[in-house]
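> What follows is entry38.txt, made up of compact mmCIF, C-alpha atoms:
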# COMPACT_ATOMS: atom_id res chain seq x y z
CA MET Z 1494 140.92 93.99 87.11
CA LYS Z 1495 140.93 94.76 83.41
CA ASP Z 1496 138.74 97.79 82.79
CA GLU Z 1497 136.39 96.44 80.15
CA LYS Z 1498 133.87 99.03 79.07
CA MET Z 1499 130.57 97.44 78.29
CA THR Z 1500 127.90 99.36 76.48
CA LEU Z 1501 124.27 99.05 77.41
CA PRO Z 1502 122.41 96.61 75.15
CA LYS Z 1503 119.83 98.32 72.96
CA PRO Z 1504 116.66 96.61 71.75
CA LYS Z 1505 116.08 96.42 68.00
CA LYS Z 1506 112.71 98.02 68.57
CA ILE Z 1507 110.90 99.24 71.69
CA LYS Z 1508 107.58 97.40 71.71
CA LEU Z 1509 104.50 98.84 73.40
CA ILE Z 1510 102.64 96.65 75.90
CA LYS Z 1511 99.40 95.19 74.57
CA SER Z 1512 96.52 95.56 77.03
CA LYS Z 1513 94.81 92.17 76.66
CA GLU Z 1514 97.95 90.03 76.61
CA PHE Z 1515 99.42 91.88 79.60
CA ALA Z 1516 96.20 91.81 81.65
CA GLU Z 1517 95.88 88.03 81.20
CA ALA Z 1518 99.47 87.31 82.27
CA ALA Z 1519 99.18 89.79 85.14
CA LYS Z 1520 96.03 88.10 86.47
CA LYS Z 1521 97.70 84.70 86.67
CA ALA Z 1522 100.94 86.15 88.05
CA ARG Z 1523 98.92 87.99 90.72
CA GLU Z 1524 97.28 84.71 91.77
CA SER Z 1525 100.74 83.21 92.12
CA PHE Z 1526 102.03 86.15 94.21
CA GLU Z 1527 99.01 85.77 96.51
CA GLU Z 1528 99.69 82.05 96.92
CA GLU Z 1529 103.35 82.76 97.66
CA ALA Z 1530 102.39 85.34 100.30
CA LYS Z 1531 100.02 82.82 101.92
CA TYR Z 1532 102.72 80.13 101.84
CA LEU Z 1533 105.27 82.45 103.43
CA HIS Z 1534 102.79 83.52 106.13
CA GLU Z 1535 102.00 79.90 107.01
CA LYS Z 1536 105.69 78.95 106.98
CA LYS Z 1537 106.48 81.85 109.32
CA ILE Z 1538 103.84 80.64 111.80
CA LYS Z 1539 105.05 77.02 111.52
CA ASP Z 1540 108.69 78.03 112.03
CA ALA Z 1541 107.77 80.19 115.03
CA ASN Z 1542 105.85 77.27 116.55
CA ASN Z 1543 108.79 74.92 115.98
CA LEU Z 1544 111.13 77.42 117.58
CA SER Z 1545 108.97 77.86 120.68
CA SER Z 1546 108.56 74.07 120.92
CA ASN Z 1547 112.36 73.61 120.73
CA ILE Z 1548 112.89 76.25 123.42
CA SER Z 1549 110.37 74.57 125.74
CA HIS Z 1550 112.19 71.25 125.26
CA LEU Z 1551 115.45 72.89 126.30
CA SER Z 1552 114.06 74.41 129.50
CA MET F 1013 93.69 106.34 87.85
CA ARG F 1014 97.24 106.89 86.67
CA ILE F 1015 100.79 107.01 87.93
CA ILE F 1016 101.74 110.51 89.00
CA TYR F 1017 105.20 111.64 87.97
CA PRO F 1018 106.98 114.97 87.50
CA PRO F 1019 106.58 116.46 84.00
CA THR F 1020 110.38 116.48 83.51
CA LEU F 1021 110.73 112.74 84.15
CA VAL F 1022 110.26 111.64 80.54
CA THR F 1023 112.58 114.34 79.15
CA TYR F 1024 115.22 113.39 81.69
CA LEU F 1025 115.06 109.66 80.96
CA LYS F 1026 114.72 110.02 77.18
CA ASN F 1027 117.10 107.66 75.34
CA LYS F 1028 118.29 106.21 78.65
CA HIS F 1029 117.78 102.82 80.28
CA LEU F 1030 115.44 102.39 83.23
CA LEU F 1031 116.31 99.39 85.38
CA LEU F 1032 113.28 97.89 87.13
CA ASP F 1033 113.43 96.29 90.58
CA THR F 1034 111.37 93.27 91.68
CA THR F 1035 108.64 95.28 93.41
CA VAL F 1036 107.83 97.16 90.21
CA PHE F 1037 106.92 93.93 88.40
CA ARG F 1038 104.87 92.67 91.35
CA ASP F 1039 102.97 95.97 91.55
CA ALA F 1040 102.43 95.98 87.78
CA ALA F 1041 100.76 92.56 88.07
CA VAL F 1042 98.43 93.92 90.76
CA ASN F 1043 97.60 97.06 88.80
CA PRO F 1044 98.17 96.16 85.12
CA THR F 1045 96.22 98.94 83.42
CA VAL F 1046 97.83 101.75 85.38
CA PHE F 1047 101.35 100.37 84.90
CA LYS F 1048 100.82 99.47 81.25
CA ASN F 1049 99.88 103.09 80.50
CA PHE F 1050 102.89 104.39 82.43
CA PHE F 1051 105.35 102.00 80.78
CA ASN F 1052 103.99 102.76 77.32
CA GLU F 1053 104.43 106.50 77.94
CA LEU F 1054 108.08 105.79 78.77
CA LYS F 1055 108.54 103.50 75.78
CA GLU F 1056 107.10 106.13 73.43
CA ALA F 1057 109.88 108.46 74.64
CA ASN F 1058 112.50 105.89 73.66
CA ILE F 1059 113.24 104.94 77.26
CA THR F 1060 114.51 101.37 77.35
CA LEU F 1061 112.96 99.30 80.14
CA THR F 1062 115.34 96.71 81.46
CA THR F 1063 116.05 94.30 84.29
CA ASN F 1064 118.50 91.50 85.08
CA ASP F 1065 118.36 87.79 85.93
CA PHE F 1066 118.62 88.39 89.70
CA VAL F 1067 115.36 90.32 89.68
CA LYS F 1068 113.82 87.63 87.49
CA TYR F 1069 114.89 84.87 89.91
CA GLU F 1070 113.19 86.72 92.77
CA LEU F 1071 109.98 86.96 90.78
CA LEU F 1072 109.93 83.42 89.43
CA LYS F 1073 110.70 81.44 92.56
CA GLY F 1074 107.63 79.92 94.18
CA PHE F 1075 104.67 78.76 92.11
CA SER F 1076 101.97 76.11 92.46
CA GLU F 1077 101.67 75.24 88.79
CA LEU F 1078 103.87 75.75 85.75
CA SER F 1079 101.33 78.01 84.03
CA LYS F 1080 101.84 80.53 86.85
CA TYR F 1081 105.60 80.42 86.42
CA LYS F 1082 105.05 81.11 82.72
CA ALA F 1083 102.62 83.95 83.49
CA LYS F 1084 105.26 85.63 85.65
CA GLU F 1085 107.77 85.25 82.84
CA GLU F 1086 105.25 86.81 80.45
CA VAL F 1087 104.72 89.80 82.75
CA VAL F 1088 108.47 90.45 82.66
CA SER F 1089 108.84 89.91 78.92
CA ASN F 1090 105.85 92.15 78.15
CA ILE F 1091 107.36 95.02 80.13
CA ILE F 1092 111.06 94.94 79.37
CA ASP F 1093 112.70 95.79 76.08
CA VAL F 1094 116.04 94.16 76.78
CA MET F 1095 117.64 92.01 79.49
CA LEU F 1096 120.76 93.46 81.04
CA PRO F 1097 123.50 90.86 81.41
CA VAL F 1098 125.41 90.73 84.69
CA VAL F 1099 129.07 90.51 83.66
CA PRO F 1100 132.31 89.98 85.65
CA GLN F 1101 132.78 93.76 85.91
CA THR F 1102 129.39 94.07 87.65
CA PHE F 1103 130.36 91.41 90.22
CA GLN F 1104 133.66 93.18 90.81
CA LEU F 1105 131.85 96.48 91.38
CA VAL F 1106 129.72 94.81 94.06
CA TYR F 1107 132.88 94.68 96.25
CA GLU F 1108 133.40 98.44 95.72
CA LEU F 1109 129.78 99.07 96.58
CA ILE F 1110 129.98 96.97 99.76
CA LYS F 1111 133.01 99.04 100.85
CA THR F 1112 131.18 102.29 100.14
CA TYR F 1113 128.08 101.23 102.06
CA GLY F 1114 129.99 100.17 105.17
CA ILE F 1115 127.61 99.37 108.04
CA ASP F 1116 124.62 100.61 106.00
CA GLY F 1117 125.09 97.61 103.70
CA THR F 1118 124.36 95.03 106.41
CA ALA F 1119 120.74 94.41 105.40
CA LEU F 1120 121.19 94.62 101.63
CA SER F 1121 120.04 91.70 99.49
CA LEU F 1122 122.24 90.27 96.76
CA THR F 1123 119.78 91.64 94.19
CA ASP F 1124 120.10 95.16 95.66
CA LEU F 1125 123.88 94.91 95.43
CA ILE F 1126 123.76 93.79 91.80
CA LEU F 1127 121.32 96.58 90.93
CA GLY F 1128 123.51 99.13 92.71
CA ALA F 1129 126.66 97.84 90.98
CA THR F 1130 124.86 98.10 87.62
CA LEU F 1131 124.13 101.77 88.34
CA MET F 1132 127.83 102.24 89.13
CA GLN F 1133 128.80 100.47 85.92
CA PHE F 1134 126.71 102.54 83.51
CA LYS F 1135 126.56 105.80 85.50
CA GLU F 1136 124.66 108.58 83.68
CA ASN F 1137 123.14 106.21 81.12
CA ILE F 1138 120.96 104.25 83.50
CA TYR F 1139 118.43 104.87 86.27
CA LEU F 1140 116.80 102.50 88.73
CA MET F 1141 113.10 102.45 89.62
CA THR F 1142 112.42 100.81 92.98
CA ARG F 1143 109.95 100.88 95.87
CA ASP F 1144 112.80 99.87 98.15
CA THR F 1145 113.54 103.45 99.14
CA THR F 1146 115.57 102.82 102.28
CA ASP F 1147 118.39 100.66 100.89
CA PHE F 1148 119.52 102.89 98.03
CA ILE F 1149 121.00 105.51 100.31
CA GLN F 1150 121.59 109.04 99.16
CA LYS F 1151 125.24 109.22 100.11
CA ILE F 1152 125.79 106.85 97.15
CA PHE F 1153 122.79 107.35 94.86
CA ASP F 1154 120.95 110.48 93.78
CA LEU F 1155 117.21 110.28 94.27
CA THR F 1156 116.42 112.01 90.99
CA PHE F 1157 112.63 111.62 90.96
CA ILE F 1158 109.80 110.43 93.17
CA ILE F 1159 106.82 108.68 91.58
CA ASN F 1160 103.47 107.87 93.17
CA ALA F 1161 101.23 105.05 92.03
CA PRO F 1162 97.67 104.41 93.22
CA HIS F 1163 97.18 101.01 94.82
CA PRO F 1164 93.95 99.25 95.90
CA LYS F 1165 94.91 99.95 99.53
CA GLY F 1166 96.67 103.30 99.18
CA ILE F 1167 99.65 104.80 97.37
CA PHE F 1168 102.98 103.24 96.52
CA THR F 1169 105.99 105.52 96.25
CA TYR F 1170 108.94 104.72 94.02
CA GLY F 1171 112.34 106.32 93.76
CA ILE F 1172 114.20 106.89 90.51
CA TYR F 1173 117.88 106.61 91.40
CA GLN F 1174 121.15 107.26 89.64
CA TYR F 1175 124.71 106.59 90.83
CA LYS F 1176 126.37 109.82 92.01
What does this structure look like when you write it as structure tokens?

Amino acid sequence: MKDEKMTLPKPKKIKLIKSKEFAEAAKKARESFEEEAKYLHEKKIKDANNLSSNISHLS
Amino acid sequence: MRIIYPPTLVTYLKNKHLLLDTTVFRDAAVNPTVFKNFFNELKEANITLTTNDFVKYELLKGFSELSKYKAKEEVVSNIIDVMLPVVPQTFQLVYELIKTYGIDGTALSLTDLILGATLMQFKENIYLMTRDTTDFIQKIFDLTFIINAPHPKGIFTYGIYQYK
């Protein structure tokens, strides 16, 4: 492999986070993360039920 | 409430890059005020907050409406100063990392491997902040700092890691 040295990209300016803008995006993102967690939980239960149903069909 | 970190953290990371793992963004969305203050303290010390596309994919996948996808994108873009590209050298270093981990690498995610390879690539110029404190093992990475953040149900602990 050719040893290509890459330098870390630097931003033109480091921008501070604005409270209001960040809080609004965070609120909506948080709702999404909660929905994803609920979806994953339900999927886990469904998959476990399918697995136990498949096992009972085999026995 | 605020994030508790050692007084030397900012001096140590000054002018360096801090690579953020998926959990950091998720926790920042849960606790925006606390994390905003912490990140701004780092930014004021010229610490560049960064992440890569693999972390972003983990965050963005799964949403019920497009506005939520966009909100997650906004959380990331508000926090980070620059995206770190994953280049062929990074992918090549993943193989080296897998060899170094040996059996301890069995449970690693692809994102963990890319993050670890990025630390290998940029060595002393970059640190990783993650709540995943069992996969970045100390035979490969130095646990330089430990940070505690209050959480509605307790305390989250993060490691600040650098490649040895």
> Need to verify the contact set: Gly1171 (chain F), 7 Å, all atoms listed in the file, exclusion of same-chain residues closer than 2 positions in sequence. Can you return it as a list in words?
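The residues satisfying every condition are Met1141, Thr1142, Arg1143, Thr1145, Leu1155, Phe1157, Ile1158, Ile1159, Thr1169 and Tyr1173 of chain F.
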> Residues of chain F no more than 7 Å from chain Z, counting only C-alpha atoms: send them over as a list in words.
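Residues of chain F within 7 Å of chain Z, counting only C-alpha atoms: Ala1041, Val1042, Pro1044, Lys1048, Asn1052, Lys1055, Gly1074, Phe1075, Lys1080, Ala1083, Lys1084, Glu1086, Val1087, Asn1090, Ile1091, Asp1093, Val1094 and Leu1096 of chain F.
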> So how far away is CA of Ala1129 (chain F) from CA of Tyr1069 (chain F), in Å?
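Going from CA of Tyr1069 (chain F) over to CA of Ala1129 (chain F) covers 17.5 Å.
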> Have a look at F:Glu1077, F:Asp1144, F:Glu1136, F:Glu1108 and name the one nearest to Lys1028 (chain F); count all atoms listed in the file.
F:Glu1136
> Could you tell me which of F:Phe1047, F:Tyr1175, F:Tyr1113, F:Tyr1170 comes closest to Tyr1139 (chain F) if we count all atoms listed in the file?
F:Tyr1175
> Which one is closest to Phe1148 (chain F): F:Lys1165, F:Arg1038, F:Lys1176, F:Lys1135? Count all atoms listed in the file.
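Among the listed residues, F:Lys1176 lies closest to Phe1148 (chain F).
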> Can you tell me how far CA of Pro1018 (chain F) sits from CA of Ile1172 (chain F), in Å to one decimal?
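About the pair CA of Pro1018 (chain F) and CA of Ile1172 (chain F): they are 11.2 Å apart.
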> Can you work out the spacing between CA of Phe1037 (chain F) and CA of Val1088 (chain F) in Å, to one decimal?
6.9 Å
